[in-house]
>>> print(open('run_12.cif').read())   # mmCIF, C-alpha atoms (C1' of nucleotides)
data_coords
loop_
_atom_site.label_atom_id
_atom_site.label_comp_id
_atom_site.auth_asym_id
_atom_site.auth_seq_id
_atom_site.Cartn_x
_atom_site.Cartn_y
_atom_site.Cartn_z
CA MET A 1 179.38 206.80 218.71
CA PRO A 2 176.07 207.02 220.34
CA GLU A 3 172.81 205.28 219.56
CA LEU A 4 169.52 206.06 221.25
CA PRO A 5 170.46 204.94 224.79
CA GLU A 6 173.71 206.90 224.79
CA VAL A 7 171.97 210.01 223.44
CA GLU A 8 169.15 209.63 225.98
CA VAL A 9 171.62 209.30 228.87
CA THR A 10 173.48 212.37 227.61
CA CYS A 11 170.22 214.25 227.11
CA ARG A 12 168.98 213.61 230.65
CA CYS A 13 172.20 214.91 232.13
CA VAL A 14 172.24 217.98 229.91
CA ARG A 15 168.61 218.65 230.84
CA ARG A 16 169.44 218.55 234.54
CA GLU A 17 172.32 220.98 234.06
CA LEU A 18 170.76 223.42 231.58
CA VAL A 19 167.05 223.87 232.25
CA GLY A 20 166.47 227.23 233.93
CA ARG A 21 169.99 228.44 233.22
CA GLY A 22 170.76 231.47 231.11
CA ILE A 23 173.04 231.15 228.09
CA LYS A 24 175.63 233.87 228.42
CA ARG A 25 177.85 233.16 225.44
CA VAL A 26 178.10 230.78 222.47
CA THR A 27 181.67 230.13 221.33
CA VAL A 28 182.14 228.25 218.06
CA ARG A 29 185.80 227.49 217.42
CA ASN A 30 185.28 225.20 214.43
CA PRO A 31 182.04 225.50 212.45
CA HIS A 32 183.02 222.67 210.08
CA LEU A 33 180.90 219.87 211.46
CA ARG A 34 178.60 217.55 209.49
CA PHE A 35 176.81 220.70 208.38
CA PRO A 36 178.26 224.19 208.76
CA VAL A 37 177.25 225.64 212.13
CA PRO A 38 174.83 228.48 211.27
CA PRO A 39 175.88 231.94 212.52
CA GLU A 40 172.38 232.43 213.96
CA ILE A 41 173.43 230.14 216.81
CA ALA A 42 174.78 233.30 218.48
CA ARG A 43 171.21 234.52 218.89
CA LEU A 44 170.88 232.09 221.82
CA GLU A 45 173.05 234.45 223.86
CA GLY A 46 170.96 236.12 226.54
CA THR A 47 168.17 233.51 226.44
CA ARG A 48 167.13 231.11 229.21
CA VAL A 49 166.79 227.36 228.62
CA GLU A 50 163.20 226.16 228.88
CA ALA A 51 163.57 222.50 228.00
CA VAL A 52 165.93 219.85 226.67
CA ASP A 53 164.34 217.15 224.53
CA ARG A 54 165.43 214.24 222.37
CA ARG A 55 164.13 213.19 218.96
CA ALA A 56 165.86 210.12 217.50
CA LYS A 57 169.59 210.76 218.09
CA TYR A 58 169.18 214.54 218.18
CA ILE A 59 169.27 216.63 221.36
CA LEU A 60 167.03 219.72 221.26
CA ILE A 61 167.88 222.63 223.53
CA ARG A 62 164.90 225.01 223.62
CA SER A 63 165.78 228.49 224.75
CA GLY A 64 164.11 231.83 224.25
CA GLY A 65 161.73 230.48 221.58
CA GLN A 66 164.70 229.14 219.61
CA THR A 67 166.12 225.64 219.40
CA ALA A 68 169.70 224.42 219.20
CA VAL A 69 169.86 220.91 217.72
CA ILE A 70 172.88 218.80 218.59
CA HIS A 71 173.87 215.49 217.02
CA LEU A 72 176.81 213.55 218.41
CA GLY A 73 177.69 211.73 215.18
CA MET A 74 180.17 208.92 215.84
CA THR A 75 182.49 210.61 218.32
CA GLY A 76 180.61 213.60 219.72
CA HIS A 77 180.63 214.18 223.48
CA LEU A 78 179.21 216.83 225.80
CA SER A 79 180.78 217.70 229.14
CA PHE A 80 180.83 220.42 231.79
CA PRO A 81 184.54 220.94 232.39
CA ASP A 82 186.24 223.49 234.61
CA PRO A 83 185.83 226.75 232.63
CA ALA A 84 189.55 227.38 233.11
CA GLU A 85 190.34 224.19 231.20
CA PRO A 86 191.82 225.24 227.83
CA PRO A 87 189.94 223.73 224.88
CA GLY A 88 191.58 220.87 223.01
CA LYS A 89 191.83 220.72 219.25
CA HIS A 90 188.58 218.76 218.91
CA ASP A 91 186.58 220.96 221.29
CA HIS A 92 184.47 222.69 218.66
CA PHE A 93 182.00 224.76 220.66
CA ASP A 94 181.08 225.89 224.19
CA LEU A 95 177.91 227.23 225.75
CA ALA A 96 178.84 229.52 228.65
CA LEU A 97 176.15 229.65 231.32
CA ASP A 98 175.09 232.41 233.69
CA ASP A 99 176.40 230.47 236.70
CA GLY A 100 179.95 230.50 235.34
CA ARG A 101 180.00 226.93 234.04
CA ILE A 102 180.39 225.85 230.42
CA MET A 103 178.98 223.00 228.36
CA ARG A 104 181.65 221.85 225.91
CA TYR A 105 181.27 219.80 222.72
CA ARG A 106 184.15 217.58 221.59
CA ASP A 107 184.04 215.57 218.35
CA PRO A 108 187.28 214.29 216.75
CA ARG A 109 185.67 212.99 213.56
CA ARG A 110 183.26 215.91 213.16
CA PHE A 111 180.35 213.75 212.00
CA GLY A 112 178.17 215.51 214.54
CA ALA A 113 176.17 218.70 214.10
CA LEU A 114 175.03 221.91 215.75
CA LEU A 115 172.00 223.43 214.05
CA TRP A 116 169.61 226.22 214.91
CA THR A 117 166.02 227.22 214.24
CA ASP A 118 163.55 229.78 215.53
CA GLY A 119 160.66 227.80 214.06
CA ASP A 120 159.27 224.35 214.75
CA PRO A 121 162.31 222.06 214.92
CA MET A 122 160.22 219.07 213.79
CA GLN A 123 159.87 220.82 210.43
CA MET A 124 163.64 220.92 209.93
CA ARG A 125 164.87 218.74 207.07
CA ILE A 126 166.84 216.45 209.34
CA LEU A 127 163.86 215.82 211.67
CA SER A 128 160.88 215.88 209.34
CA SER A 129 161.09 212.40 207.81
CA LEU A 130 162.11 210.28 210.78
CA GLY A 131 160.36 207.06 211.78
CA ALA A 132 158.73 206.09 215.07
CA GLU A 133 160.29 206.61 218.49
CA PRO A 134 160.90 203.04 219.70
CA LEU A 135 159.97 203.81 223.32
CA GLU A 136 156.71 205.59 222.44
CA PRO A 137 153.35 203.78 222.35
CA GLY A 138 152.95 204.21 218.57
CA PHE A 139 155.75 201.71 217.93
CA THR A 140 153.86 198.43 217.76
CA GLY A 141 154.22 195.07 216.07
CA GLU A 142 151.43 196.01 213.67
CA TYR A 143 153.18 199.24 212.74
CA LEU A 144 156.55 197.54 212.22
CA HIS A 145 155.02 194.75 210.17
CA GLN A 146 153.16 197.16 207.95
CA ARG A 147 156.31 199.20 207.29
CA LEU A 148 158.62 196.22 206.81
CA ALA A 149 156.16 194.66 204.36
CA ARG A 150 157.32 197.16 201.75
CA SER A 151 161.03 196.56 202.32
CA ARG A 152 162.99 194.16 200.16
CA SER A 153 166.28 194.97 201.89
CA PRO A 154 167.66 192.96 204.81
CA VAL A 155 165.81 193.57 208.07
CA LYS A 156 168.98 194.78 209.81
CA THR A 157 169.52 197.47 207.19
CA ALA A 158 165.85 198.44 207.36
CA LEU A 159 165.96 198.82 211.15
CA MET A 160 168.98 201.10 210.94
CA LYS A 161 167.72 203.34 208.16
CA GLY A 162 165.72 205.54 210.50
CA ASP A 163 162.59 205.98 208.40
CA ILE A 164 160.75 203.10 210.11
CA VAL A 165 162.15 203.32 213.64
CA VAL A 166 164.81 205.69 214.97
CA GLY A 167 167.66 205.24 217.40
CA VAL A 168 168.61 201.66 216.57
CA GLY A 169 172.21 201.84 215.40
CA ASN A 170 174.80 199.24 214.57
CA ILE A 171 175.26 197.72 218.02
CA TYR A 172 171.61 197.48 219.02
CA ALA A 173 170.50 196.26 215.57
CA SER A 174 172.63 193.15 216.03
CA GLU A 175 171.53 192.75 219.64
CA VAL A 176 167.77 193.09 219.10
CA LEU A 177 167.75 190.69 216.14
CA HIS A 178 169.63 188.11 218.19
CA ALA A 179 167.20 188.53 221.08
CA ALA A 180 164.27 188.12 218.69
CA GLY A 181 165.80 185.08 216.96
CA ILE A 182 165.63 186.72 213.53
CA SER A 183 168.49 186.57 211.02
CA PRO A 184 169.83 189.99 210.02
CA LEU A 185 169.89 188.70 206.44
CA ARG A 186 166.14 188.07 206.27
CA ARG A 187 164.30 190.39 203.90
CA GLY A 188 162.11 192.90 205.67
CA ASP A 189 158.98 191.67 203.90
CA GLN A 190 159.66 188.13 205.15
CA VAL A 191 159.27 189.02 208.82
CA SER A 192 155.88 187.89 210.11
CA LEU A 193 153.48 189.92 212.22
CA GLU A 194 154.17 187.70 215.19
CA GLU A 195 157.93 188.14 214.80
CA CYS A 196 157.46 191.89 214.50
CA GLY A 197 155.68 191.85 217.83
CA ILE A 198 158.59 190.00 219.40
CA LEU A 199 161.09 192.33 217.75
CA VAL A 200 159.31 195.44 219.04
CA GLY A 201 159.36 193.98 222.53
CA GLU A 202 163.08 193.22 222.36
CA ILE A 203 163.90 196.66 220.96
CA ARG A 204 162.06 198.28 223.87
CA ARG A 205 163.55 195.99 226.48
CA ILE A 206 167.13 196.30 225.27
CA LEU A 207 167.08 200.07 224.73
CA GLU A 208 165.49 200.68 228.14
CA ASP A 209 167.88 198.33 229.87
CA SER A 210 170.82 200.05 228.23
CA ILE A 211 169.56 203.50 229.27
CA ALA A 212 169.25 202.24 232.85
CA ARG A 213 172.90 201.13 232.73
CA GLY A 214 174.22 204.36 231.25
CA GLY A 215 174.54 203.11 227.66
CA THR A 216 177.24 201.05 225.96
CA THR A 217 180.93 201.98 226.10
CA ILE A 218 183.16 199.96 223.79
CA ARG A 219 185.84 202.49 222.99
CA ASN A 220 184.97 206.17 222.79
CA TYR A 221 181.57 206.75 224.30
CA ALA A 222 181.42 208.23 227.78
CA GLN A 223 178.64 209.76 229.83
CA VAL A 224 178.66 213.51 230.47
CA ASP A 225 180.62 212.96 233.69
CA GLY A 226 183.18 210.85 231.80
CA SER A 227 182.10 207.49 233.20
CA ARG A 228 181.57 204.49 230.95
CA GLY A 229 178.28 202.89 230.01
CA ALA A 230 177.83 199.50 231.63
CA PHE A 231 175.59 197.92 229.01
CA ALA A 232 178.76 196.80 227.19
CA ASP A 233 178.83 193.90 229.67
CA CYS A 234 175.35 192.86 228.53
CA LEU A 235 176.08 192.56 224.81
CA LYS A 236 175.32 189.05 223.59
CA VAL A 237 176.70 189.12 220.05
CA TYR A 238 178.13 192.53 219.12
CA GLY A 239 181.93 192.38 218.99
CA ARG A 240 181.87 188.67 219.86
CA GLU A 241 182.93 187.05 216.58
CA ASN A 242 183.89 183.40 217.07
CA GLU A 243 182.58 183.29 220.61
CA ASN A 244 179.78 180.93 221.54
CA CYS A 245 176.21 182.06 221.40
CA PRO A 246 174.93 182.39 224.98
CA ARG A 247 171.55 181.00 223.94
CA CYS A 248 172.32 177.99 221.73
CA GLY A 249 176.08 177.59 221.98
CA GLY A 250 176.56 178.14 218.24
CA ARG A 251 179.44 180.12 216.78
CA ILE A 252 178.82 183.87 216.49
CA GLN A 253 179.69 185.17 213.06
CA ARG A 254 180.65 188.57 211.75
CA ILE A 255 179.40 189.60 208.32
CA VAL A 256 179.24 192.96 206.55
CA GLN A 257 175.94 194.57 205.55
CA GLY A 258 175.79 198.03 204.09
CA GLN A 259 179.47 198.51 204.95
CA ARG A 260 178.77 197.88 208.62
CA SER A 261 179.68 194.87 210.74
CA THR A 262 176.81 192.60 211.72
CA PHE A 263 177.15 189.98 214.44
CA TYR A 264 174.72 187.08 214.66
CA CYS A 265 174.27 183.41 215.42
CA SER A 266 173.10 181.32 212.47
CA GLY A 267 172.15 178.59 214.94
CA CYS A 268 169.31 180.41 216.64
CA GLN A 269 168.60 183.31 214.27
CA ARG A 270 166.48 182.38 211.29
"C1'" DA B 271 160.87 205.03 194.05
"C1'" DT B 272 163.95 201.98 196.15
"C1'" DA B 273 168.33 200.07 197.18
"C1'" DA B 274 173.29 199.70 197.08
"C1'" DT B 275 177.74 202.48 197.65
"C1'" DA B 276 180.71 206.35 198.18
"C1'" DA B 277 181.80 210.08 201.02
"C1'" DC B 278 182.57 212.91 204.97
"C1'" DC B 279 186.75 212.83 209.16
"C1'" DT B 280 190.28 211.41 212.86
"C1'" DG B 281 192.40 208.07 215.76
"C1'" DA B 282 193.52 203.46 217.58
"C1'" DG B 283 195.51 199.18 216.96
"C1'" DG B 284 197.84 195.41 214.50
"C1'" DG B 285 201.36 193.56 211.23
"C1'" DC B 286 205.71 194.19 209.18
"C1'" DT C 287 209.90 204.31 215.40
"C1'" DG C 288 207.26 204.38 211.26
"C1'" DC C 289 204.27 203.00 207.51
"C1'" DC C 290 200.23 200.89 205.81
"C1'" DC C 291 196.17 198.67 206.53
"C1'" DT C 292 191.52 197.96 208.79
"C1'" DC C 293 188.13 199.36 211.74
"C1'" DA C 294 184.99 202.49 214.50
"C1'" DG C 295 177.84 203.66 218.67
"C1'" DG C 296 176.13 207.97 211.81
"C1'" DT C 297 174.05 210.18 208.19
"C1'" DT C 298 173.88 212.24 203.58
"C1'" DA C 299 174.87 212.64 198.50
"C1'" DT C 300 175.40 210.12 194.46
"C1'" DT C 301 174.72 206.26 191.46
"C1'" DA C 302 172.27 202.21 189.47
#
>>> encode(input="run_12.cif", output="structure tokens")
Amino acid sequence: MPELPEVEVTCRCVRRELVGRGIKRVTVRNPHLRFPVPPEIARLEGTRVEAVDRRAKYILIRSGGQTAVIHLGMTGHLSFPDPAEPPGKHDHFDLALDDGRIMRYRDPRRFGALLWTDGDPMQMRILSSLGAEPLEPGFTGEYLHQRLARSRSPVKTALMKGDIVVGVGNIYASEVLHAAGISPLRRGDQVSLEECGILVGEIRRILEDSIARGGTTIRNYAQVDGSRGAFADCLKVYGRENENCPRCGGRIQRIVQGQRSTFYCSGCQR
DNA sequence: ATAATAACCTGAGGGC
DNA sequence: TGCCCTCAGGTTATTA
């Protein structure tokens, strides 16, 4: 169940393992992911990986002028197991490398995806209408304010939608709004320019801090080597219903917005 | 056009 | 042990 930090941590590890390696074989055991896995994915066989990039929560493996696009959905995980390890029932595809190792994708809920293109991946439907990368310079308070000004939905929902800013999922949406002192219930067009500047700063700080700690493990998420993400220990409100707010001592509440849990403190978030 | 909501899946955990 | 319920780091398709 990865958000931007968890995908970035996964992406960096995959990059280290794959760049420069040849792809010997693509084995798809179950093509029924979020979208059907296209048969063209087999055309990666015999190519050499040039780069591994991330856009939003998608991992882009560029090889031989083609691109494999991987999304981890809620329960997707990449690992490099012993090639002799028999695949489990949720191990949906492997990339076998020219050094004898394999990269294996596991995803019990199958909300993830494996897509393919030989064109510009940014023109793919899933990537073409995404919002700003939160860690890139273009994501500023002015930008956020201008985009939120047209949103009548709650700011938490707007942050998670992905057309304004990408990578902020359910955990970090609660965390960044708490850090910025803004209620998740506030309408997007009621967030001031000054508050947007604060919010942008908190989004950057929290996402970068989480990346540095290997992401957030609450239940399923694990890094490529299987270890947990330590940012879970830094969460201030997520999963802390009825605990005291570390900033003002108020009672942390859990509400539901857009069918997702939101955690916040009504004492210090307005 | 925008915003709410239903849907896609499996598994873990709690109450009875 | 088993059944039924709720919940889970996401996104898309449908409805209003």
>>> interface_residues(input="run_12.cif", of="chain A", to="chain C", cutoff="7 Å", atoms="only C-alpha atoms (C1' of nucleotides)", output="VMD selection string")
chain A and resid 1 to 3 73 to 74 169 to 171
>>> closest_atom_pairs(input="run_12.cif", of="chain A", to="chain B", cutoff="10 Å", atoms="only C-alpha atoms (C1' of nucleotides)", output="tab-separated table")
residue	atom	partner	partner_atom	distance
A:Leu33	CA	B:DC279	C1'	9.4
A:Arg34	CA	B:DC278	C1'	7.6
A:Thr75	CA	B:DT280	C1'	9.5
A:His90	CA	B:DT280	C1'	9.7
A:Asp107	CA	B:DT280	C1'	9.3
A:Pro108	CA	B:DT280	C1'	5.7
A:Arg109	CA	B:DC279	C1'	4.5
A:Arg110	CA	B:DC279	C1'	6.1
A:Phe111	CA	B:DC279	C1'	7.1
A:Arg150	CA	B:DT272	C1'	9.9
A:Ser151	CA	B:DT272	C1'	8.7
A:Arg152	CA	B:DA273	C1'	8.5
A:Ser153	CA	B:DA273	C1'	7.2
A:Arg219	CA	B:DA282	C1'	9.4
A:Gly258	CA	B:DA274	C1'	7.6
A:Gln259	CA	B:DT275	C1'	8.5
>>> closest_residue(input="run_12.cif", among="A:Arg260, A:Arg101, A:Arg213, A:Arg251", to="Thr157 (chain A)", atoms="all atoms listed in the file")
A:Arg260
>>> closest_residue(input="run_12.cif", among="A:Gly167, A:Arg270, A:Asp120, A:Gly131", to="Ala179 (chain A)", atoms="all atoms listed in the file")
A:Arg270
>>> atom_distance(input="run_12.cif", atom1="CA of Leu177 (chain A)", atom2="CA of Ile206 (chain A)")
10.7 Å
>>> resolve_selection(input="run_12.cif", expression="the PyMOL selection byres ((chain A and resi 265) around 7)", output="list in words")
Cys245, Gly250, Arg251, Ile252, Gln253, Tyr264, Ser266, Gly267, Cys268 and Gln269 of chain A
>>> axis_aligned_box(input="run_12.cif", around="chain C", padding_each_side="8 Å", output="AutoDock Vina command-line options")
--center_x 191.1 --center_y 205.3 --center_z 204.1 --size_x 53.6 --size_y 30.7 --size_z 45.2
>>> atom_distance(input="run_12.cif", atom1="CA of Glu243 (chain A)", atom2="CA of Ala158 (chain A)")
26.2 Å
>>> resolve_selection(input="run_12.cif", expression="the PyMOL selection byres ((chain A and resi 165) around 6)", output="PDB file with C-alpha atoms, keeping the file's coordinate frame")
ATOM      1  CA  GLY A 131     160.360 207.060 211.780  1.00  0.00           C
ATOM      2  CA  ALA A 132     158.730 206.090 215.070  1.00  0.00           C
ATOM      3  CA  GLY A 162     165.720 205.540 210.500  1.00  0.00           C
ATOM      4  CA  ASP A 163     162.590 205.980 208.400  1.00  0.00           C
ATOM      5  CA  ILE A 164     160.750 203.100 210.110  1.00  0.00           C
ATOM      6  CA  VAL A 166     164.810 205.690 214.970  1.00  0.00           C
TER       7      VAL A 166
END
>>> residues_around(input="run_12.cif", residues="region 40-42 of chain A", least_positions_apart="6", cutoff="12 Å", atoms="only C-alpha atoms (C1' of nucleotides)", output="list in words")
Ile23, Lys24, Arg25, Val26, Thr27, Val28, Pro31, Ile61, Ser63, Gln66, Thr67, Ala68, Val69, Ile70, Phe93, Asp94, Leu95, Ala96, Leu114, Leu115, Trp116, Thr117 and Asp118 of chain A
>>> atom_distance(input="run_12.cif", atom1="CA of Ile198 (chain A)", atom2="CA of Ile126 (chain A)")
29.5 Å
>>> resolve_selection(input="run_12.cif", expression="the PyMOL selection byres ((chain A and resi 137-145) around 8)", output="VMD selection string")
chain A and resid 132 to 136 146 to 149 164 to 165 191 to 200
>>> residues_around(input="run_12.cif", residues="Arg15 (chain A)", least_positions_apart="3", cutoff="12 Å", atoms="only C-alpha atoms (C1' of nucleotides)", output="list in words")
Val7, Glu8, Val9, Thr10, Cys11, Arg12, Leu18, Val19, Gly20, Arg21, Val49, Glu50, Ala51, Val52, Asp53, Arg54, Ile59, Leu60, Ile61, Arg62, Ser63, Leu78, Met103 and Val224 of chain A
>>> decode(input="run_12.cif", residues="region 72-102 of chain A", atoms="N, CA and C atoms", output="mmCIF file, in the first residue's frame")
data_model
loop_
_atom_site.group_PDB
_atom_site.id
_atom_site.type_symbol
_atom_site.label_atom_id
_atom_site.label_comp_id
_atom_site.auth_asym_id
_atom_site.auth_seq_id
_atom_site.Cartn_x
_atom_site.Cartn_y
_atom_site.Cartn_z
ATOM 1 N N LEU A 72 2.206 -0.401 -7.867
ATOM 2 C CA LEU A 72 2.119 -1.375 -6.777
ATOM 3 C C LEU A 72 0.720 -1.473 -6.167
ATOM 4 N N GLY A 73 -0.203 -0.618 -6.609
ATOM 5 C CA GLY A 73 -1.560 -0.684 -6.070
ATOM 6 C C GLY A 73 -1.542 -0.574 -4.553
ATOM 7 N N MET A 74 -2.328 -1.396 -3.883
ATOM 8 C CA MET A 74 -2.383 -1.367 -2.415
ATOM 9 C C MET A 74 -1.417 -2.369 -1.803
ATOM 10 N N THR A 75 -1.178 -3.478 -2.477
ATOM 11 C CA THR A 75 -0.414 -4.563 -1.846
ATOM 12 C C THR A 75 0.714 -5.084 -2.725
ATOM 13 N N GLY A 76 1.102 -4.309 -3.743
ATOM 14 C CA GLY A 76 2.172 -4.769 -4.624
ATOM 15 C C GLY A 76 3.531 -4.696 -3.949
ATOM 16 N N HIS A 77 4.420 -5.614 -4.306
ATOM 17 C CA HIS A 77 5.769 -5.632 -3.732
ATOM 18 C C HIS A 77 6.749 -6.255 -4.711
ATOM 19 N N LEU A 78 7.917 -5.636 -4.840
ATOM 20 C CA LEU A 78 8.973 -6.172 -5.698
ATOM 21 C C LEU A 78 10.098 -6.711 -4.830
ATOM 22 N N SER A 79 10.649 -7.855 -5.237
ATOM 23 C CA SER A 79 11.769 -8.428 -4.489
ATOM 24 C C SER A 79 12.691 -9.173 -5.444
ATOM 25 N N PHE A 80 13.860 -9.524 -4.944
ATOM 26 C CA PHE A 80 14.840 -10.285 -5.722
ATOM 27 C C PHE A 80 15.143 -11.577 -4.970
ATOM 28 N N PRO A 81 14.216 -12.525 -5.030
ATOM 29 C CA PRO A 81 14.378 -13.753 -4.253
ATOM 30 C C PRO A 81 15.369 -14.709 -4.919
ATOM 31 N N ASP A 82 15.747 -15.731 -4.183
ATOM 32 C CA ASP A 82 16.503 -16.840 -4.761
ATOM 33 C C ASP A 82 15.694 -17.390 -5.946
ATOM 34 N N PRO A 83 16.317 -17.468 -7.129
ATOM 35 C CA PRO A 83 15.581 -17.936 -8.322
ATOM 36 C C PRO A 83 15.004 -19.342 -8.150
ATOM 37 N N ALA A 84 15.540 -20.098 -7.205
ATOM 38 C CA ALA A 84 15.023 -21.451 -6.978
ATOM 39 C C ALA A 84 13.745 -21.422 -6.145
ATOM 40 N N GLU A 85 13.456 -20.272 -5.549
ATOM 41 C CA GLU A 85 12.264 -20.149 -4.710
ATOM 42 C C GLU A 85 11.009 -20.310 -5.572
ATOM 43 N N PRO A 86 10.164 -21.292 -5.289
ATOM 44 C CA PRO A 86 8.956 -21.463 -6.111
ATOM 45 C C PRO A 86 7.999 -20.291 -5.891
ATOM 46 N N PRO A 87 7.367 -19.809 -6.948
ATOM 47 C CA PRO A 87 6.457 -18.669 -6.804
ATOM 48 C C PRO A 87 5.229 -19.024 -5.985
ATOM 49 N N GLY A 88 4.782 -18.081 -5.168
ATOM 50 C CA GLY A 88 3.550 -18.259 -4.410
ATOM 51 C C GLY A 88 2.346 -17.886 -5.259
ATOM 52 N N LYS A 89 1.167 -18.048 -4.699
ATOM 53 C CA LYS A 89 -0.027 -17.855 -5.527
ATOM 54 C C LYS A 89 -0.274 -16.386 -5.883
ATOM 55 N N HIS A 90 0.361 -15.464 -5.183
ATOM 56 C CA HIS A 90 0.198 -14.050 -5.523
ATOM 57 C C HIS A 90 1.422 -13.470 -6.214
ATOM 58 N N ASP A 91 2.341 -14.334 -6.619
ATOM 59 C CA ASP A 91 3.528 -13.880 -7.363
ATOM 60 C C ASP A 91 3.175 -13.871 -8.845
ATOM 61 N N HIS A 92 2.806 -12.693 -9.368
ATOM 62 C CA HIS A 92 2.159 -12.642 -10.673
ATOM 63 C C HIS A 92 3.109 -12.535 -11.850
ATOM 64 N N PHE A 93 4.288 -11.930 -11.663
ATOM 65 C CA PHE A 93 5.260 -11.957 -12.758
ATOM 66 C C PHE A 93 6.692 -11.865 -12.250
ATOM 67 N N ASP A 94 7.627 -12.348 -13.094
ATOM 68 C CA ASP A 94 9.066 -12.288 -12.822
ATOM 69 C C ASP A 94 9.764 -11.662 -14.020
ATOM 70 N N LEU A 95 10.829 -10.920 -13.741
ATOM 71 C CA LEU A 95 11.796 -10.569 -14.781
ATOM 72 C C LEU A 95 13.066 -11.344 -14.465
ATOM 73 N N ALA A 96 13.467 -12.238 -15.386
ATOM 74 C CA ALA A 96 14.719 -12.973 -15.179
ATOM 75 C C ALA A 96 15.847 -12.190 -15.824
ATOM 76 N N LEU A 97 16.934 -12.008 -15.080
ATOM 77 C CA LEU A 97 18.042 -11.174 -15.534
ATOM 78 C C LEU A 97 19.189 -12.028 -16.076
ATOM 79 N N ASP A 98 20.111 -11.344 -16.767
ATOM 80 C CA ASP A 98 21.207 -12.081 -17.409
ATOM 81 C C ASP A 98 22.288 -12.503 -16.416
ATOM 82 N N ASP A 99 22.148 -12.115 -15.144
ATOM 83 C CA ASP A 99 23.117 -12.590 -14.150
ATOM 84 C C ASP A 99 22.534 -13.717 -13.303
ATOM 85 N N GLY A 100 21.373 -14.234 -13.736
ATOM 86 C CA GLY A 100 20.781 -15.378 -13.054
ATOM 87 C C GLY A 100 19.781 -15.023 -11.966
ATOM 88 N N ARG A 101 19.681 -13.733 -11.635
ATOM 89 C CA ARG A 101 18.720 -13.353 -10.597
ATOM 90 C C ARG A 101 17.351 -13.074 -11.213
ATOM 91 N N ILE A 102 16.341 -12.948 -10.370
ATOM 92 C CA ILE A 102 15.007 -12.584 -10.841
ATOM 93 C C ILE A 102 14.446 -11.454 -9.975
#
